[in-house]
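Structure file model-v5.cif with mmCIF, C-alpha atoms and all ligand atoms:
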```cif
data_work
#
loop_
_atom_site.label_atom_id
_atom_site.label_comp_id
_atom_site.auth_asym_id
_atom_site.auth_seq_id
_atom_site.Cartn_x
_atom_site.Cartn_y
_atom_site.Cartn_z
CA MET B 6 63.94 95.69 76.09
CA SER B 7 62.10 96.52 79.34
CA SER B 8 63.89 97.86 82.38
CA LEU B 9 66.08 95.39 84.24
CA PRO B 10 68.25 95.59 87.34
CA VAL B 11 71.82 94.54 86.55
CA LEU B 12 74.27 93.75 89.34
CA VAL B 13 77.91 94.68 88.71
CA LEU B 14 80.54 92.86 90.78
CA ASN B 15 84.11 94.09 90.98
CA SER B 16 86.37 92.24 93.39
CA GLY B 17 89.85 93.08 94.68
CA SER B 18 92.16 91.07 96.87
CA SER B 19 90.47 92.25 100.09
CA SER B 20 87.24 93.85 98.89
CA ILE B 21 84.12 93.29 96.83
CA LYS B 22 82.55 96.36 95.25
CA PHE B 23 79.10 96.14 93.76
CA ALA B 24 76.46 98.31 92.15
CA VAL B 25 72.94 97.77 90.89
CA TYR B 26 71.90 99.61 87.73
CA GLU B 27 68.52 99.88 86.17
CA ALA B 28 69.14 99.24 82.50
CA GLY B 29 66.76 99.28 79.61
CA ASN B 30 65.53 101.36 76.69
CA GLY B 31 68.97 102.94 76.41
CA GLU B 32 68.70 104.23 80.00
CA ARG B 33 71.33 103.46 82.60
CA ARG B 34 70.49 104.55 86.14
CA LYS B 35 72.47 103.60 89.23
CA LEU B 36 70.09 102.44 91.96
CA HIS B 37 72.51 101.36 94.66
CA GLU B 38 76.17 100.80 95.23
CA GLY B 39 78.11 99.23 98.03
CA ALA B 40 81.21 97.42 99.16
CA VAL B 41 82.51 94.85 101.58
CA ASP B 42 86.03 95.86 102.52
CA GLY B 43 88.64 94.40 104.85
CA ILE B 44 88.24 90.70 104.00
CA GLY B 45 90.47 88.71 106.36
CA THR B 46 90.06 91.15 109.26
CA ASP B 47 87.92 91.27 112.42
CA LEU B 48 86.69 94.76 111.68
CA GLY B 49 85.55 94.94 108.08
CA LYS B 50 83.24 97.48 106.48
CA PHE B 51 79.96 96.77 104.74
CA TRP B 52 77.95 99.63 103.30
CA ILE B 53 75.26 100.26 100.73
CA LYS B 54 74.28 103.72 99.46
CA ASP B 55 71.38 104.79 97.32
CA ALA B 56 71.83 106.85 94.15
CA GLU B 57 71.72 110.09 96.17
CA GLY B 58 74.56 108.88 98.39
CA ASN B 59 72.43 108.15 101.49
CA LYS B 60 73.85 105.24 103.47
CA LEU B 61 71.24 102.47 103.75
CA VAL B 62 73.58 99.93 105.30
CA ASP B 63 76.63 100.85 107.37
CA GLN B 64 78.13 97.98 109.34
CA THR B 65 81.53 96.90 110.68
CA PRO B 66 81.28 93.09 110.57
CA ALA B 67 84.02 90.55 111.15
CA LEU B 68 85.06 89.32 107.68
CA PRO B 69 87.11 86.18 108.28
CA ASN B 70 86.94 85.11 104.64
CA ARG B 71 85.48 85.73 101.17
CA ALA B 72 82.51 83.46 101.84
CA VAL B 73 81.28 85.62 104.73
CA ALA B 74 81.93 88.78 102.71
CA PHE B 75 80.02 87.73 99.60
CA ALA B 76 77.17 86.22 101.66
CA LEU B 77 76.55 89.73 103.08
CA VAL B 78 76.09 91.08 99.55
CA ALA B 79 73.89 88.18 98.43
CA ASP B 80 71.74 88.32 101.60
CA ALA B 81 71.17 92.07 101.17
CA LEU B 82 70.16 91.63 97.53
CA HIS B 83 67.80 88.78 98.46
CA SER B 84 66.28 90.69 101.40
CA GLY B 85 63.60 92.42 99.37
CA ASP B 86 64.96 95.84 100.44
CA PHE B 87 66.79 96.18 97.13
CA PRO B 88 65.73 95.15 93.63
CA ALA B 89 66.89 91.60 92.92
CA PRO B 90 69.15 91.45 89.86
CA VAL B 91 68.06 89.76 86.66
CA ALA B 92 71.62 89.62 85.33
CA ILE B 93 75.09 89.88 86.84
CA GLY B 94 78.25 91.31 85.24
CA HIS B 95 81.64 90.34 86.69
CA ARG B 96 84.77 92.35 86.04
CA MET B 97 87.69 90.05 85.25
CA VAL B 98 91.28 91.21 84.79
CA SER B 99 92.39 88.34 82.52
CA GLY B 100 90.84 85.17 81.14
CA GLY B 101 94.14 84.08 79.60
CA PRO B 102 94.73 83.37 75.92
CA THR B 103 91.57 81.34 75.35
CA VAL B 104 88.98 83.60 77.02
CA GLN B 105 89.16 86.87 75.13
CA GLU B 106 85.49 87.64 74.55
CA ASN B 107 82.96 88.95 77.06
CA GLN B 108 80.42 86.15 77.45
CA ARG B 109 77.99 84.21 79.61
CA ILE B 110 79.62 82.39 82.50
CA THR B 111 79.37 78.62 82.86
CA PRO B 112 81.12 76.41 85.43
CA GLU B 113 83.42 75.18 82.64
CA LEU B 114 84.35 78.74 81.66
CA ILE B 115 85.26 79.51 85.29
CA ASP B 116 87.56 76.46 85.38
CA GLU B 117 89.17 77.58 82.13
CA MET B 118 89.81 81.12 83.38
CA GLU B 119 91.10 79.78 86.69
CA SER B 120 93.71 77.73 84.83
CA TYR B 121 95.28 81.09 83.84
CA THR B 122 95.55 82.44 87.39
CA ALA B 123 99.25 83.18 86.76
CA PHE B 124 98.17 85.91 84.29
CA ALA B 125 96.52 87.97 87.08
CA PRO B 126 97.61 86.24 90.28
CA LEU B 127 96.33 88.90 92.68
CA HIS B 128 92.91 89.24 91.03
CA THR B 129 91.85 85.89 89.57
CA PRO B 130 91.43 83.79 92.76
CA ILE B 131 88.77 86.04 94.31
CA ALA B 132 87.08 86.76 90.98
CA VAL B 133 86.55 83.08 90.15
CA TYR B 134 85.46 82.39 93.72
CA ILE B 135 82.78 85.07 93.45
CA MET B 136 81.63 83.81 90.05
CA ARG B 137 81.06 80.32 91.51
CA GLU B 138 79.26 81.79 94.51
CA ALA B 139 77.10 84.00 92.31
CA LEU B 140 76.03 81.01 90.20
CA ARG B 141 75.13 79.19 93.44
CA LEU B 142 73.44 82.01 95.34
CA PHE B 143 71.56 83.51 92.36
CA PRO B 144 70.40 80.33 90.61
CA GLY B 145 68.86 80.81 87.19
CA ILE B 146 70.19 84.35 86.77
CA PRO B 147 72.62 84.79 83.87
CA ASN B 148 76.15 85.83 84.82
CA PHE B 149 78.55 87.43 82.35
CA VAL B 150 82.30 87.96 82.42
CA ILE B 151 83.50 91.37 81.25
CA LEU B 152 87.23 91.35 80.62
CA ASP B 153 89.82 94.07 81.10
CA THR B 154 91.78 92.50 78.26
CA TYR B 155 88.88 92.91 75.83
CA PHE B 156 89.72 96.53 74.95
CA HIS B 157 93.33 95.57 74.22
CA ARG B 158 92.48 92.79 71.78
CA THR B 159 93.09 95.17 68.84
CA MET B 160 96.81 95.56 69.60
CA PRO B 161 98.97 94.38 66.70
CA GLU B 162 101.23 91.36 67.05
CA VAL B 163 104.35 93.52 67.03
CA VAL B 164 103.06 94.95 70.34
CA THR B 165 101.62 91.82 71.94
CA HIS B 166 104.43 89.44 71.06
CA MET B 167 107.19 89.10 73.63
CA PRO B 168 110.81 88.31 72.73
CA ILE B 169 110.87 84.88 74.38
CA PRO B 170 111.41 81.31 73.11
CA PRO B 171 108.41 79.97 71.21
CA GLU B 172 107.47 77.28 73.74
CA TYR B 173 106.52 80.00 76.24
CA ALA B 174 104.70 82.06 73.64
CA ALA B 175 102.72 78.90 72.85
CA MET B 176 101.62 78.81 76.52
CA GLY B 177 100.01 82.21 76.04
CA VAL B 178 102.83 84.39 77.34
CA ARG B 179 102.38 87.74 75.62
CA ARG B 180 101.17 91.27 76.31
CA TYR B 181 97.48 91.43 77.27
CA GLY B 182 97.26 94.73 79.16
CA ALA B 183 94.86 95.60 81.96
CA HIS B 184 92.51 98.45 83.03
CA GLY B 185 90.78 97.85 79.69
CA ILE B 186 87.29 98.54 81.03
CA SER B 187 88.49 101.93 82.27
CA TYR B 188 90.02 102.76 78.86
CA GLU B 189 86.88 101.60 77.10
CA SER B 190 84.86 103.90 79.35
CA ILE B 191 87.04 106.91 78.47
CA VAL B 192 86.61 106.28 74.73
CA TYR B 193 82.87 105.81 75.34
CA GLN B 194 82.62 109.13 77.19
CA LEU B 195 84.50 110.94 74.42
CA GLN B 196 82.01 109.80 71.77
CA PRO B 197 81.07 111.00 69.23
CA ASP B 198 84.27 113.07 69.00
CA VAL B 199 86.90 110.47 69.83
CA PRO B 200 90.25 112.01 68.88
CA ARG B 201 92.24 110.12 66.27
CA LYS B 202 95.42 110.06 68.35
CA LEU B 203 94.69 109.61 72.03
CA ILE B 204 96.78 108.70 75.07
CA VAL B 205 95.01 107.77 78.31
CA ALA B 206 96.93 107.50 81.59
CA HIS B 207 95.03 105.43 84.16
CA LEU B 208 96.87 106.38 87.32
CA GLY B 209 95.49 104.63 90.37
CA ASN B 210 97.02 102.32 92.91
CA GLY B 211 97.68 100.20 89.84
CA ALA B 212 98.85 102.46 87.02
CA SER B 213 98.99 101.99 83.27
CA ILE B 214 98.92 104.02 80.10
CA SER B 215 97.52 103.30 76.64
CA ALA B 216 97.97 104.61 73.11
CA ILE B 217 94.61 104.61 71.30
CA ARG B 218 94.17 105.24 67.57
CA ASP B 219 90.69 105.87 66.16
CA GLY B 220 89.17 104.59 69.42
CA LYS B 221 91.05 101.28 69.27
CA CYS B 222 93.92 100.21 71.48
CA LEU B 223 97.27 100.34 69.72
CA ASP B 224 99.54 99.78 72.71
CA THR B 225 99.36 99.58 76.48
CA SER B 226 101.95 99.51 79.20
CA MET B 227 100.89 96.48 81.28
CA GLY B 228 102.06 93.16 79.95
CA LEU B 229 101.26 89.52 80.68
CA THR B 230 100.22 90.63 84.17
CA PRO B 231 99.39 93.95 85.84
CA THR B 232 102.92 93.97 87.32
CA GLY B 233 104.42 95.15 84.02
CA GLY B 234 104.53 98.65 82.54
CA ILE B 235 104.92 101.84 84.54
CA ILE B 236 105.85 101.83 88.23
CA SER B 237 102.71 101.76 90.41
CA GLY B 238 101.69 101.68 94.08
CA THR B 239 103.35 98.39 95.05
CA ARG B 240 104.52 96.99 91.68
CA THR B 241 107.85 97.31 89.91
CA GLY B 242 106.51 97.89 86.43
CA ASP B 243 108.92 96.96 83.61
CA ILE B 244 112.33 96.10 84.96
CA ASP B 245 115.55 94.47 83.76
CA PRO B 246 114.80 90.71 83.98
CA GLY B 247 118.25 90.31 85.54
CA VAL B 248 116.93 92.11 88.63
CA LEU B 249 114.25 89.45 89.12
CA LEU B 250 116.84 86.70 88.64
CA PHE B 251 119.14 88.36 91.17
CA ILE B 252 116.33 88.58 93.75
CA LEU B 253 115.17 85.03 92.97
CA ARG B 254 118.64 83.63 93.60
CA LYS B 255 118.80 85.46 96.95
CA ILE B 256 115.34 84.13 97.91
CA ALA B 257 116.27 80.60 96.76
CA GLU B 258 119.12 80.47 99.28
CA THR B 259 116.57 80.02 102.09
CA ALA B 260 113.27 79.08 100.39
CA GLU B 261 111.73 75.69 101.19
CA SER B 262 110.78 74.91 97.59
CA ALA B 263 110.88 76.34 94.10
CA SER B 264 107.21 77.29 94.30
CA ALA B 265 107.71 79.01 97.69
CA ALA B 266 110.57 80.98 96.11
CA ALA B 267 108.35 81.98 93.18
CA ASP B 268 105.63 83.13 95.61
CA GLN B 269 108.13 85.21 97.55
CA LEU B 270 109.42 86.78 94.34
CA GLU B 271 105.87 87.61 93.37
CA THR B 272 105.32 89.33 96.73
CA VAL B 273 108.51 91.36 96.22
CA ALA B 274 107.63 92.42 92.65
CA SER B 275 103.89 92.99 93.15
CA LYS B 276 103.33 93.98 96.76
CA LYS B 277 106.55 95.43 98.13
CA ALA B 278 107.94 97.37 95.18
CA GLY B 279 106.80 100.48 93.29
CA LEU B 280 106.05 103.68 95.21
CA LEU B 281 106.01 101.71 98.47
CA GLY B 282 109.36 100.05 97.85
CA VAL B 283 111.15 103.26 96.83
CA SER B 284 109.60 105.52 99.47
CA GLU B 285 109.80 102.86 102.24
CA LEU B 286 106.70 104.65 103.47
CA SER B 287 103.46 104.15 101.56
CA ASN B 288 101.87 103.23 98.24
CA ASP B 289 99.30 105.98 98.72
CA MET B 290 99.99 109.19 96.79
CA ARG B 291 98.36 111.33 99.52
CA ASP B 292 100.85 110.03 102.11
CA LEU B 293 103.73 110.60 99.72
CA ARG B 294 102.69 114.19 98.98
CA ASP B 295 102.44 114.88 102.73
CA ALA B 296 105.88 113.34 103.24
CA ILE B 297 107.37 115.40 100.40
CA LYS B 298 106.04 118.58 102.05
CA ALA B 299 107.81 117.46 105.23
CA GLY B 300 111.09 117.08 103.28
CA ASN B 301 111.17 113.28 102.90
CA ALA B 302 113.75 112.56 100.17
CA LYS B 303 112.70 108.94 99.59
CA ALA B 304 109.09 109.96 99.02
CA ARG B 305 110.37 112.61 96.57
CA LEU B 306 112.40 109.98 94.71
CA ALA B 307 109.44 107.57 94.53
CA VAL B 308 107.12 110.21 93.08
CA ASP B 309 109.83 111.47 90.70
CA LYS B 310 110.32 107.94 89.38
CA PHE B 311 106.56 107.67 88.89
CA THR B 312 106.11 110.94 87.00
CA TRP B 313 109.36 110.56 85.02
CA THR B 314 108.41 107.06 83.86
CA ILE B 315 104.97 108.21 82.75
CA ALA B 316 106.41 111.20 80.87
CA LYS B 317 108.84 108.88 79.04
CA TRP B 318 106.01 106.53 78.16
CA ILE B 319 103.91 109.40 76.82
CA GLY B 320 106.86 110.38 74.61
CA SER B 321 107.15 106.89 73.18
CA TYR B 322 103.41 106.71 72.51
CA VAL B 323 103.47 110.04 70.68
CA ALA B 324 106.12 108.49 68.44
CA GLU B 325 104.05 105.35 68.00
CA LEU B 326 100.84 107.27 67.21
CA GLY B 327 102.72 109.69 64.91
CA GLY B 328 101.49 112.68 66.91
CA LEU B 329 98.89 113.37 69.56
CA ASP B 330 95.49 115.05 69.69
CA MET B 331 94.48 114.43 73.30
CA LEU B 332 95.92 113.25 76.60
CA VAL B 333 93.47 112.08 79.28
CA PHE B 334 94.24 111.50 82.95
CA THR B 335 92.04 109.11 84.91
CA GLY B 336 92.19 106.92 88.06
CA GLY B 337 92.55 108.09 91.67
CA ILE B 338 95.89 109.89 91.09
CA GLY B 339 95.01 111.05 87.57
CA GLU B 340 91.78 112.62 88.80
CA ASN B 341 92.97 114.05 92.11
CA ASP B 342 96.70 114.59 92.26
CA ILE B 343 97.16 118.00 90.71
CA ALA B 344 100.92 117.93 91.34
CA SER B 345 101.42 114.59 89.52
CA ARG B 346 99.67 115.92 86.42
CA ALA B 347 101.77 119.09 86.51
CA GLU B 348 105.02 117.18 87.05
CA ILE B 349 104.30 114.65 84.27
CA CYS B 350 103.49 117.39 81.76
CA ALA B 351 106.21 119.83 82.84
CA GLY B 352 108.76 118.56 80.29
CA LEU B 353 106.36 117.68 77.50
CA GLY B 354 105.97 121.13 75.91
CA ALA B 355 108.06 119.99 72.93
CA LEU B 356 105.34 117.39 72.24
CA GLY B 357 102.66 120.09 72.26
CA ILE B 358 101.41 119.27 75.75
CA VAL B 359 100.97 122.51 77.71
CA LEU B 360 98.92 122.61 80.92
CA ASP B 361 97.15 125.68 82.24
CA PRO B 362 98.11 125.79 85.94
CA VAL B 363 94.81 127.41 86.94
CA ARG B 364 92.68 124.94 84.99
CA ASN B 365 94.81 122.08 86.34
CA ASN B 366 94.10 123.16 89.91
CA VAL B 367 91.00 120.97 90.17
CA ARG B 368 89.88 117.51 91.16
CA GLY B 369 87.57 115.55 88.88
CA GLU B 370 86.40 116.10 85.31
CA ALA B 371 88.04 119.10 83.64
CA LEU B 372 89.81 120.50 80.60
CA ILE B 373 93.29 121.34 81.92
CA SER B 374 95.37 122.26 78.86
CA ALA B 375 96.28 125.85 78.07
CA GLU B 376 94.17 127.69 75.51
CA ASN B 377 97.01 127.55 72.95
CA SER B 378 98.17 124.02 73.74
CA PRO B 379 98.38 121.97 70.50
CA VAL B 380 97.33 118.88 72.48
CA THR B 381 94.12 118.93 74.50
CA VAL B 382 94.60 117.58 78.03
CA ARG B 383 91.58 116.43 80.02
CA VAL B 384 90.71 114.74 83.28
CA ILE B 385 87.89 112.21 82.91
CA PRO B 386 86.85 109.84 85.72
CA PRO B 387 86.38 106.26 84.50
CA ALA B 388 82.87 104.81 84.23
CA GLU B 389 83.70 101.12 84.43
CA ASP B 390 80.34 99.99 85.83
CA LEU B 391 78.54 101.61 82.93
CA ILE B 392 80.67 99.69 80.41
CA ILE B 393 80.01 96.43 82.27
CA VAL B 394 76.25 97.12 82.23
CA ASN B 395 76.38 97.98 78.52
CA HIS B 396 78.10 94.68 77.71
CA VAL B 397 75.66 92.72 79.88
CA VAL B 398 72.66 94.31 78.16
CA ARG B 399 74.21 93.62 74.74
CA LEU B 400 74.93 89.99 75.63
CA MET B 401 71.45 89.51 77.14
CA GLY B 402 69.98 90.61 73.82
CA ALA B 403 72.29 88.39 71.81
P1 LIG B 501 92.51 104.17 92.62
O1 LIG B 501 93.28 102.87 92.63
O2 LIG B 501 92.08 104.59 91.26
O3 LIG B 501 91.40 104.20 93.64
O4 LIG B 501 93.54 105.31 93.10
C1 LIG B 501 94.18 105.26 94.34
C2 LIG B 501 95.30 106.31 94.37
O5 LIG B 501 94.70 107.61 94.18
C3 LIG B 501 96.06 106.37 95.68
O6 LIG B 501 97.45 106.49 95.43
C4 LIG B 501 95.55 107.65 96.30
O7 LIG B 501 96.52 108.24 97.12
C5 LIG B 501 95.28 108.51 95.10
N1 LIG B 501 94.39 109.60 95.47
C6 LIG B 501 93.09 109.52 95.80
N2 LIG B 501 92.61 110.75 96.18
C7 LIG B 501 93.67 111.60 96.08
C8 LIG B 501 93.86 113.00 96.34
N3 LIG B 501 92.85 113.76 96.77
N4 LIG B 501 95.10 113.52 96.12
C9 LIG B 501 96.10 112.76 95.69
N5 LIG B 501 96.00 111.44 95.44
C10 LIG B 501 94.81 110.87 95.64
#
```
Would you write the structure of this file as structure tokens?
Amino acid sequence: MSSLPVLVLNSGSSSIKFAVYEAGNGERRKLHEGAVDGIGTDLGKFWIKDAEGNKLVDQTPALPNRAVAFALVADALHSGDFPAPVAIGHRMVSGGPTVQENQRITPELIDEMESYTAFAPLHTPIAVYIMREALRLFPGIPNFVILDTYFHRTMPEVVTHMPIPPEYAAMGVRRYGAHGISYESIVYQLQPDVPRKLIVAHLGNGASISAIRDGKCLDTSMGLTPTGGIISGTRTGDIDPGVLLFILRKIAETAESASAAADQLETVASKKAGLLGVSELSNDMRDLRDAIKAGNAKARLAVDKFTWTIAKWIGSYVAELGGLDMLVFTGGIGENDIASRAEICAGLGALGIVLDPVRNNVRGEALISAENSPVTVRVIPPAEDLIIVNHVVRLMGA
């Protein structure tokens, strides 16, 4: 296959990240990357950098809505200043029970994925909006959906099935997991020596952890939605369902309708909880570490809950895998927060996880376990764009 520019689109609730890769003949080279950030504000950010990191576009436009934000990206890519894409890959958190395979996007497929918005309520609305816009603004160019749930499709039924009445299971309620493209990229980077028993902790603003056997997902912490699993920036993680019922009944006392009450509960569980809810300060680990240094007890409690939960989850995955060869930290906290890695691993010596404090004192890719640690511990940044490009190239050839 000759060289082709592939556009990767990765949208969040208030941002659209993008990158253009030159792909072909086994080569993957990033040409440009950029982002539109601050959708819904008067002072957004729009930037594009070349592969060397030089800023080619650096603007602070008003971004009243998604349409304005994505038009900036499309206009730049149509301007002739950047190579126009010949294919587009869209990251998608969940396509629900019926869209499990990475594939070419059609208007009907977008409608189908949109019908499962409840499975990733914070991510799906903007993702499907951008897919429709991309089909309109880049006519004739093939678009592909690359799913976070794809990596988790190998989980056995005992893991994916949830203990609920069958009528809800029939609606697709089960464990799907998230961050799958990140996990896939860690396994990809470990090739050809993928350890048999691997745990990867993706610790970012959203945090999850996966048990991976022979390169395939065995279990993951997020559930039907990214709100499940370990505590993260603004999300509860797994919690006694009675807590949600208690909060829902309180909300229902004043809510205008059942659906307004459900929306409020979602805001509580997904946007106001987690590190933010416990610390009453911030969902950002850097702020929490600063606050801890200043003696803030609530910030200390929030971070302790975070590290303690992850350590417990690692223990359960070691049991599930029947041992452990390697533990990998990734994501913004996993890559950069030296103290979180040390605190998570501090009590895990009995499982063969022993960090070297000097090796651990780094940010970015590193081997951080002690020389004699039975389990190898590494930090590996995710390479999600690369995985998306690889799938797009594979699907283009198919
Ligand atoms: P992500 O969602 O992967 O971008 O990760 C975001 C999280 O990484 C936030 O909680 C940040 O505070 C955290 N993070 C990023 N850089 C650092 C750093 N240098 N030290 C500690 N935490 C960091």
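Between ligand LIG 501 (chain B) and the candidates B:Thr314, B:Asn341, B:Thr103, B:Ser287, the tightest atom-to-atom separation, counting all atoms listed in the file, involves B:Asn341.
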_All residues 9 Å or closer to B:Pro362, only C-alpha atoms, same chain fewer than 5 positions away omitted, as a ChimeraX atom specification_ = /B:347,373-375
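Take atom CA of B:Phe251 and atom CA of B:Ala125: the distance between them is 23.0 Å.
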Quick one: contact table of stretch 66-121 of chain B to stretch 18-24 of chain B, 9 Å max, nearest atom pair and distance in Å to one decimal per residue, counting all atoms listed in the file, chain and number order, as a tab-separated table?
```
residue	atom	partner	partner_atom	distance
B:Arg71	CA	B:Ser19	CA	8.3
B:Ala74	CA	B:Ile21	CA	7.7
B:Phe75	CA	B:Ile21	CA	7.4
B:Val78	CA	B:Phe23	CA	8.3
```
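Remark: for ligand LIG 501 (chain B), the closest of the candidate residues B:Ile110, B:Ile343, B:Val359, B:Ile252 is B:Ile343 (distances computed over all atoms listed in the file).
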_Any residue with an atom at most 7 Å from ligand LIG 501 (chain B) counts, using all atoms listed in the file. Which are they? Put them as a count of residues only._
15
*Straight-line distance linking atom CA of B:Thr225 with atom CA of B:Leu400, stated in Å to one decimal*: 26.3 Å
*Which distance in Å separates atom CA of B:Ser8 and atom CA of B:Leu61, to one decimal?*
23.1 Å
Could you build a table of the residues in stretch 59-106 of chain B lying no more than 12 Å from stretch 378-398 of chain B, giving for each the nearest pair of atoms and their separation in Å rounded to one decimal place, using only C-alpha atoms, ordered by chain and ascending residue number, as CSV?
```
residue,atom,partner,partner_atom,distance
B:Pro90,CA,B:Val394,CA,11.9
B:Val91,CA,B:Val397,CA,10.6
B:Ala92,CA,B:Val397,CA,7.5
B:Ile93,CA,B:Val397,CA,7.5
B:Gly94,CA,B:Val397,CA,6.1
B:His95,CA,B:Ile393,CA,7.7
B:Arg96,CA,B:Ile393,CA,7.3
B:Met97,CA,B:Ile393,CA,10.4
B:Glu106,CA,B:His396,CA,10.7
```
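Residues near the point (105.9, 100.7, 94.8), at a distance of 6 Å or less over all atoms listed in the file, make up Ser237, Gly238, Thr239, Arg240, Ala278, Gly279, Leu280, Leu281, Gly282 and Asn288 of chain B.
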*Residue with smallest distance to B:Ile319 - pool B:Ser345, B:Met401, B:Val273, B:Leu332, counting all atoms listed in the file*: B:Leu332
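For B:Gly185, the residues within 7 Å (counting all atoms listed in the file, excluding itself and residues fewer than 4 positions away along the chain) are Asp153, Thr154, Tyr155, Phe156, His157 and Glu189 of chain B.
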I need the chosen residues saved as a tab-separated table (two decimals), in the coordinates of the input, with C-alpha atoms.
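Result file is selection20.tsv:
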```tsv
chain	number	residue	atom	x	y	z
B	153	ASP	CA	89.82	94.07	81.10
B	154	THR	CA	91.78	92.50	78.26
B	155	TYR	CA	88.88	92.91	75.83
B	156	PHE	CA	89.72	96.53	74.95
B	157	HIS	CA	93.33	95.57	74.22
B	189	GLU	CA	86.88	101.60	77.10
```
Edge lengths and centre in Å, axis-aligned, stretch 196-211 of chain B plus 8 Å each side, as lines of an AutoDock Vina configuration file:
```
center_x = 89.4
center_y = 106.6
center_z = 79.6
size_x = 32.6
size_y = 28.9
size_z = 42.6
```
*Please provide as a ChimeraX atom specification all residues within 8 Å of B:Leu306, with the sequence filter that same-chain residues fewer than 4 positions apart are discarded (counting all atoms listed in the file).*
/B:283-284,302,310
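When all atoms listed in the file are used to compute distances to B:Ile191, the closest of the residues B:Asp86, B:Ala355, B:Tyr121, B:Thr335 turns out to be B:Thr335.
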*Residue neighbourhood B:Ala81, 12 Å, all atoms listed in the file, exclusion window fewer than 4 positions, as a PyMOL selection string*: chain B and resi 23+25+37-41+51-53+61-62+74-77+85-90+142
Keeping just C-alpha atoms, export stretch 253-267 of chain B of this structure as a PDB file, in the first residue's frame.
```pdb
ATOM      1  CA  LEU B 253     -31.784   9.198  43.920  1.00  0.00           C
ATOM      2  CA  ARG B 254     -34.525   9.319  46.536  1.00  0.00           C
ATOM      3  CA  LYS B 255     -33.094  12.582  47.919  1.00  0.00           C
ATOM      4  CA  ILE B 256     -32.917  14.069  44.400  1.00  0.00           C
ATOM      5  CA  ALA B 257     -36.449  12.849  43.597  1.00  0.00           C
ATOM      6  CA  GLU B 258     -37.873  14.915  46.458  1.00  0.00           C
ATOM      7  CA  THR B 259     -37.361  18.081  44.376  1.00  0.00           C
ATOM      8  CA  ALA B 260     -36.759  16.901  40.781  1.00  0.00           C
ATOM      9  CA  GLU B 261     -39.247  17.971  38.101  1.00  0.00           C
ATOM     10  CA  SER B 262     -39.383  14.575  36.411  1.00  0.00           C
ATOM     11  CA  ALA B 263     -37.953  11.084  36.601  1.00  0.00           C
ATOM     12  CA  SER B 264     -35.574  11.820  33.734  1.00  0.00           C
ATOM     13  CA  ALA B 265     -34.386  15.065  35.380  1.00  0.00           C
ATOM     14  CA  ALA B 266     -33.705  13.048  38.548  1.00  0.00           C
ATOM     15  CA  ALA B 267     -31.726  10.472  36.557  1.00  0.00           C
TER      16      ALA B 267
END
```
